[in-house]
$ cat my_file-v7.pdb   # PDB, C-alpha atoms
ATOM      1  CA  MET A  25     109.963 104.428 100.121
ATOM      2  CA  ILE A  26     109.976 100.703 100.773
ATOM      3  CA  ASN A  27     106.627  99.176 101.647
ATOM      4  CA  ILE A  28     106.455  95.664 103.084
ATOM      5  CA  VAL A  29     103.076  94.010 102.524
ATOM      6  CA  LEU A  30     102.005  90.900 104.425
ATOM      7  CA  VAL A  31      98.850  89.359 102.996
ATOM      8  CA  GLU A  32      97.042  87.405 105.720
ATOM      9  CA  PRO A  33     100.074  86.600 107.893
ATOM     10  CA  GLU A  34      99.545  83.709 110.301
ATOM     11  CA  ILE A  35     102.497  83.516 112.700
ATOM     12  CA  PRO A  36     102.899  86.356 115.213
ATOM     13  CA  GLN A  37     106.638  85.814 115.725
ATOM     14  CA  ASN A  38     107.321  86.302 112.002
ATOM     15  CA  THR A  39     105.352  89.534 111.955
ATOM     16  CA  GLY A  40     107.171  90.695 115.082
ATOM     17  CA  ASN A  41     110.528  90.041 113.416
ATOM     18  CA  ILE A  42     109.347  91.929 110.332
ATOM     19  CA  VAL A  43     108.364  94.874 112.550
ATOM     20  CA  ARG A  44     111.982  94.980 113.687
ATOM     21  CA  THR A  45     113.269  94.884 110.078
ATOM     22  CA  SER A  46     110.779  97.572 109.114
ATOM     23  CA  ALA A  47     111.851  99.836 111.970
ATOM     24  CA  ALA A  48     115.562  99.291 111.239
ATOM     25  CA  THR A  49     115.151 100.177 107.554
ATOM     26  CA  GLY A  50     112.476 102.887 107.729
ATOM     27  CA  SER A  51     110.084 100.718 105.736
ATOM     28  CA  VAL A  52     106.303 100.951 106.054
ATOM     29  CA  LEU A  53     104.617  97.700 107.085
ATOM     30  CA  HIS A  54     101.192  96.951 105.600
ATOM     31  CA  LEU A  55      99.139  94.148 107.164
ATOM     32  CA  VAL A  56      96.270  92.822 105.047
ATOM     33  CA  ARG A  57      93.471  91.144 106.990
ATOM     34  CA  PRO A  58      92.477  88.640 108.071
ATOM     35  CA  LEU A  59      95.426  88.215 110.404
ATOM     36  CA  GLY A  60      96.099  84.853 112.024
ATOM     37  CA  PHE A  61      96.677  86.508 115.391
ATOM     38  CA  ASP A  62      95.672  89.427 117.554
ATOM     39  CA  THR A  63      98.016  92.407 117.191
ATOM     40  CA  SER A  64      98.161  92.670 120.962
ATOM     41  CA  ASP A  65      99.508  89.098 121.080
ATOM     42  CA  LYS A  66     102.316  88.716 123.613
ATOM     43  CA  MET A  67     104.516  86.721 121.202
ATOM     44  CA  LEU A  68     104.088  89.345 118.506
ATOM     45  CA  LYS A  69     105.202  92.126 120.845
ATOM     46  CA  ARG A  70     108.086  90.046 122.207
ATOM     47  CA  ALA A  71     109.432  89.282 118.723
ATOM     48  CA  GLY A  72     109.222  92.965 117.750
ATOM     49  CA  LEU A  73     110.786  93.983 121.056
ATOM     50  CA  ASP A  74     110.542  97.717 121.555
ATOM     51  CA  TYR A  75     110.477  98.499 117.825
ATOM     52  CA  TRP A  76     106.687  98.812 117.601
ATOM     53  CA  LYS A  77     106.848 102.507 118.460
ATOM     54  CA  ASP A  78     109.361 103.086 115.648
ATOM     55  CA  CYS A  79     107.410 101.297 112.934
ATOM     56  CA  ASP A  80     104.791 102.759 110.609
ATOM     57  CA  ILE A  81     102.180  99.972 110.493
ATOM     58  CA  ARG A  82      99.071 100.259 108.342
ATOM     59  CA  TYR A  83      96.133  97.853 108.352
ATOM     60  CA  TRP A  84      93.964  96.971 105.346
ATOM     61  CA  ASP A  85      90.776  94.954 105.025
ATOM     62  CA  SER A  86      91.783  93.654 101.582
ATOM     63  CA  PHE A  87      94.686  93.747  99.153
ATOM     64  CA  SER A  88      92.548  95.605  96.602
ATOM     65  CA  GLN A  89      91.949  98.350  99.177
ATOM     66  CA  LEU A  90      95.715  98.759  99.604
ATOM     67  CA  ARG A  91      96.332  98.659  95.854
ATOM     68  CA  GLN A  92      93.731 101.376  95.225
ATOM     69  CA  SER A  93      95.404 103.595  97.820
ATOM     70  CA  ALA A  94      98.721 103.452  95.924
ATOM     71  CA  PRO A  95      97.969 103.781  92.197
ATOM     72  CA  ASP A  96     101.560 104.839  91.480
ATOM     73  CA  GLY A  97     103.071 102.049  93.562
ATOM     74  CA  GLU A  98     105.447  99.527  92.051
ATOM     75  CA  PHE A  99     104.228  96.127  93.321
ATOM     76  CA  TYR A 100     106.361  92.963  93.395
ATOM     77  CA  PHE A 101     104.979  89.605  94.504
ATOM     78  CA  PHE A 102     107.310  87.142  96.208
ATOM     79  CA  THR A 103     106.610  83.490  95.541
ATOM     80  CA  THR A 104     108.414  80.213  94.970
ATOM     81  CA  LYS A 105     106.476  80.113  91.672
ATOM     82  CA  GLY A 106     108.106  83.233  90.202
ATOM     83  CA  LYS A 107     110.345  82.945  87.164
ATOM     84  CA  ARG A 108     112.401  86.084  87.773
ATOM     85  CA  CYS A 109     114.971  86.387  90.535
ATOM     86  CA  TYR A 110     114.405  89.124  93.132
ATOM     87  CA  THR A 111     117.694  90.793  92.081
ATOM     88  CA  GLN A 112     116.570  91.361  88.464
ATOM     89  CA  PRO A 113     114.167  94.318  88.749
ATOM     90  CA  GLU A 114     115.425  97.856  89.132
ATOM     91  CA  TYR A 115     113.375  98.915  92.124
ATOM     92  CA  GLY A 116     111.850 102.375  92.018
ATOM     93  CA  ASP A 117     111.136 104.926  94.715
ATOM     94  CA  ASN A 118     107.684 103.694  95.802
ATOM     95  CA  VAL A 119     108.113  99.944  95.913
ATOM     96  CA  PHE A 120     105.702  97.470  97.520
ATOM     97  CA  LEU A 121     107.171  94.060  98.370
ATOM     98  CA  VAL A 122     104.221  91.683  98.733
ATOM     99  CA  PHE A 123     104.402  88.411 100.686
ATOM    100  CA  GLY A 124     101.762  85.787 101.404
ATOM    101  CA  ARG A 125     100.848  83.753 104.418
ATOM    102  CA  GLU A 126     103.305  81.272 105.821
ATOM    103  CA  SER A 127     101.304  78.120 105.097
ATOM    104  CA  ARG A 128     100.223  78.789 101.498
ATOM    105  CA  GLY A 129     101.916  81.891 100.163
ATOM    106  CA  LEU A 130     100.020  84.406  98.062
ATOM    107  CA  PRO A 131      96.552  83.586  96.722
ATOM    108  CA  GLU A 132      96.693  82.025  93.233
ATOM    109  CA  SER A 133      94.333  84.684  91.854
ATOM    110  CA  LEU A 134      96.668  87.459  92.988
ATOM    111  CA  LEU A 135      99.677  85.707  91.455
ATOM    112  CA  HIS A 136      97.830  85.065  88.198
ATOM    113  CA  GLU A 137      96.852  88.743  87.864
ATOM    114  CA  ASN A 138     100.391  89.938  88.669
ATOM    115  CA  TYR A 139     102.637  87.189  87.331
ATOM    116  CA  ALA A 140     104.797  89.651  85.365
ATOM    117  CA  ASN A 141     105.939  91.030  88.725
ATOM    118  CA  ALA A 142     106.249  87.686  90.526
ATOM    119  CA  LEU A 143     109.740  87.217  91.960
ATOM    120  CA  ARG A 144     111.510  84.327  93.621
ATOM    121  CA  ILE A 145     114.418  83.976  95.990
ATOM    122  CA  PRO A 146     116.666  81.159  94.728
ATOM    123  CA  MET A 147     117.063  78.080  96.914
ATOM    124  CA  LEU A 148     117.777  74.399  96.509
ATOM    125  CA  SER A 149     114.992  72.460  94.815
ATOM    126  CA  ASP A 150     114.487  70.184  97.833
ATOM    127  CA  THR A 151     113.535  73.178  99.982
ATOM    128  CA  ARG A 152     109.864  74.148 100.115
ATOM    129  CA  SER A 153     110.357  77.772 101.168
ATOM    130  CA  LEU A 154     112.276  80.195 103.350
ATOM    131  CA  ASN A 155     111.001  81.670 106.584
ATOM    132  CA  LEU A 156     108.772  84.685 105.899
ATOM    133  CA  SER A 157     110.757  87.135 108.012
ATOM    134  CA  ASN A 158     114.007  86.025 106.343
ATOM    135  CA  SER A 159     112.464  86.460 102.888
ATOM    136  CA  VAL A 160     111.292  89.963 103.754
ATOM    137  CA  ALA A 161     114.757  90.924 105.013
ATOM    138  CA  ILE A 162     116.426  89.565 101.859
ATOM    139  CA  ALA A 163     114.065  91.573  99.619
ATOM    140  CA  VAL A 164     114.249  94.802 101.628
ATOM    141  CA  TYR A 165     118.029  94.762 101.701
ATOM    142  CA  GLU A 166     118.207  94.163  97.939
ATOM    143  CA  VAL A 167     116.170  97.335  97.400
ATOM    144  CA  LEU A 168     118.454  99.196  99.817
ATOM    145  CA  ARG A 169     121.571  97.798  98.124
ATOM    146  CA  GLN A 170     120.371  98.996  94.736
ATOM    147  CA  LYS A 171     119.955 102.465  96.237
ATOM    148  CA  ASN A 172     123.456 102.323  97.725
ATOM    149  CA  PHE A 173     121.952 102.208 101.240
ATOM    150  CA  ASP A 174     121.095 105.903 100.983
ATOM    151  CA  GLY A 175     120.178 107.337 104.355
ATOM    152  CA  MET A 176     121.464 104.298 106.204
ATOM    153  CA  ASN A 177     124.296 104.280 108.714
ATOM    154  CA  ARG A 178     126.953 102.448 106.739
ATOM    155  CA  ALA A 179     129.760 102.856 109.243
ATOM    156  CA  GLY A 180     129.905 100.016 111.717
ATOM    157  CA  ARG A 181     130.969 100.364 115.295
ATOM    158  CA  LEU A 182     134.046  98.397 116.308
ATOM    159  CA  ARG A 183     134.857  97.772 119.898
ATOM    160  CA  GLU A 184     138.497  98.208 120.668
ATOM    161  CA  TYR A 185     140.175  95.316 122.405
ATOM    162  CA  ASP A 186     143.438  95.305 124.287
ATOM    163  CA  ASP A 187     146.114  92.998 122.945
TER
END

$ encode --input "my_file-v7.pdb" --output "structure tokens"
Amino acid sequence: MINIVLVEPEIPQNTGNIVRTSAATGSVLHLVRPLGFDTSDKMLKRAGLDYWKDCDIRYWDSFSQLRQSAPDGEFYFFTTKGKRCYTQPEYGDNVFLVFGRESRGLPESLLHENYANALRIPMLSDTRSLNLSNSVAIAVYEVLRQKNFDGMNRAGRLREYDD
């Protein structure tokens, strides 16, 4: 199972886009409070379109509460400060991909405690960071790729055109 964890997300549109990614990949979305928006926010619902009903969303009052609920979970922390590339680990069957808030990333204390599992997505040095929803999609699809997209519809649909 792929678990997407957003620690104190701030921008409703990003979370809405991540709801769509979560629904499309069968991932569980964990939202760690405090949230920078109301989950009934119109922009949040619009960005997630009609995927809310198809997404398993779980709310937590703290990251430690989530961590205690998944003692066998394999946690990876995405940050621009990570030394290892997100493609290096061999992701297991109960993976938690942890992302921080848009303005500051993950709390320093959380990174310090888990630096061995801190991962980065390569980018040019002049770039501060990627969009949160893009980063989540990149990480989720790497886990799926490593598992040969098991359970996913790999056959595309082509529309036939007349010559």

$ closest_residue --input "my_file-v7.pdb" --among "A:Tyr139, A:Gly124, A:Gln170, A:Val43" --to "Asn155 in chain A" --atoms "all atoms listed in the file"
A:Gly124

$ resolve_selection --input "my_file-v7.pdb" --expression "the PyMOL selection byres ((chain A and resi 97-100) around 12)" --output "ChimeraX atom specification"
/A:25-29,87,90-96,101-103,106,108-124,130,134-135,137-144,160,163-164,167

$ axis_aligned_box --input "my_file-v7.pdb" --around "range 118-123 of chain A" --padding-each-side "4 Å" --output "JSON"
{"center_x": 106.2, "center_y": 96.1, "center_z": 98.2, "size_x": 11.9, "size_y": 23.3, "size_z": 12.9}

$ residues_near_point --input "my_file-v7.pdb" --point "(93.1, 97.0, 106.4)" --cutoff "9 Å" --atoms "all atoms listed in the file" --output "list in words"
His54, Leu55, Val56, Arg57, Pro58, Arg82, Tyr83, Trp84, Asp85, Ser86, Phe87, Gln89 and Leu90 of chain A

$ atom_distance --input "my_file-v7.pdb" --atom1 "CA of Pro33 in chain A" --atom2 "CA of Leu59 in chain A"
5.5 Å

$ atom_distance --input "my_file-v7.pdb" --atom1 "CA of Ile81 in chain A" --atom2 "CA of Val31 in chain A"
13.4 Å

$ residues_around --input "my_file-v7.pdb" --residues "Asp74 in chain A" --least-positions-apart "5" --cutoff "10 Å" --atoms "only C-alpha atoms" --output "PyMOL selection string"
chain A and resi 43-44+47+69+79

$ closest_residue --input "my_file-v7.pdb" --among "A:Ser157, A:Lys107, A:Asp78, A:Pro146" --to "Arg125 in chain A" --atoms "all atoms listed in the file"
A:Ser157

$ atom_distance --input "my_file-v7.pdb" --atom1 "CA of Pro36 in chain A" --atom2 "CA of Asn158 in chain A"
14.2 Å

$ residues_near_point --input "my_file-v7.pdb" --point "(108.2, 83.4, 110.6)" --cutoff "9 Å" --atoms "all atoms listed in the file" --output "compact mmCIF listing (two decimals) with C-alpha atoms, keeping the file's coordinate frame"
# COMPACT_ATOMS: atom_id res chain seq x y z
CA GLU A 34 99.54 83.71 110.30
CA ILE A 35 102.50 83.52 112.70
CA PRO A 36 102.90 86.36 115.21
CA GLN A 37 106.64 85.81 115.72
CA ASN A 38 107.32 86.30 112.00
CA THR A 39 105.35 89.53 111.96
CA GLY A 40 107.17 90.70 115.08
CA ASN A 41 110.53 90.04 113.42
CA ILE A 42 109.35 91.93 110.33
CA GLU A 126 103.30 81.27 105.82
CA LEU A 154 112.28 80.19 103.35
CA ASN A 155 111.00 81.67 106.58
CA LEU A 156 108.77 84.68 105.90
CA SER A 157 110.76 87.14 108.01
CA ASN A 158 114.01 86.02 106.34

$ closest_residue --input "my_file-v7.pdb" --among "A:Thr151, A:Thr63, A:Thr104, A:Ile145" --to "Glu166 in chain A" --atoms "all atoms listed in the file"
A:Ile145

$ closest_residue --input "my_file-v7.pdb" --among "A:Asp80, A:Asp62, A:Glu132, A:Glu32" --to "Thr49 in chain A" --atoms "only C-alpha atoms"
A:Asp80

$ closest_residue --input "my_file-v7.pdb" --among "A:Ser88, A:Lys105, A:Lys171, A:Leu53" --to "His136 in chain A" --atoms "all atoms listed in the file"
A:Lys105
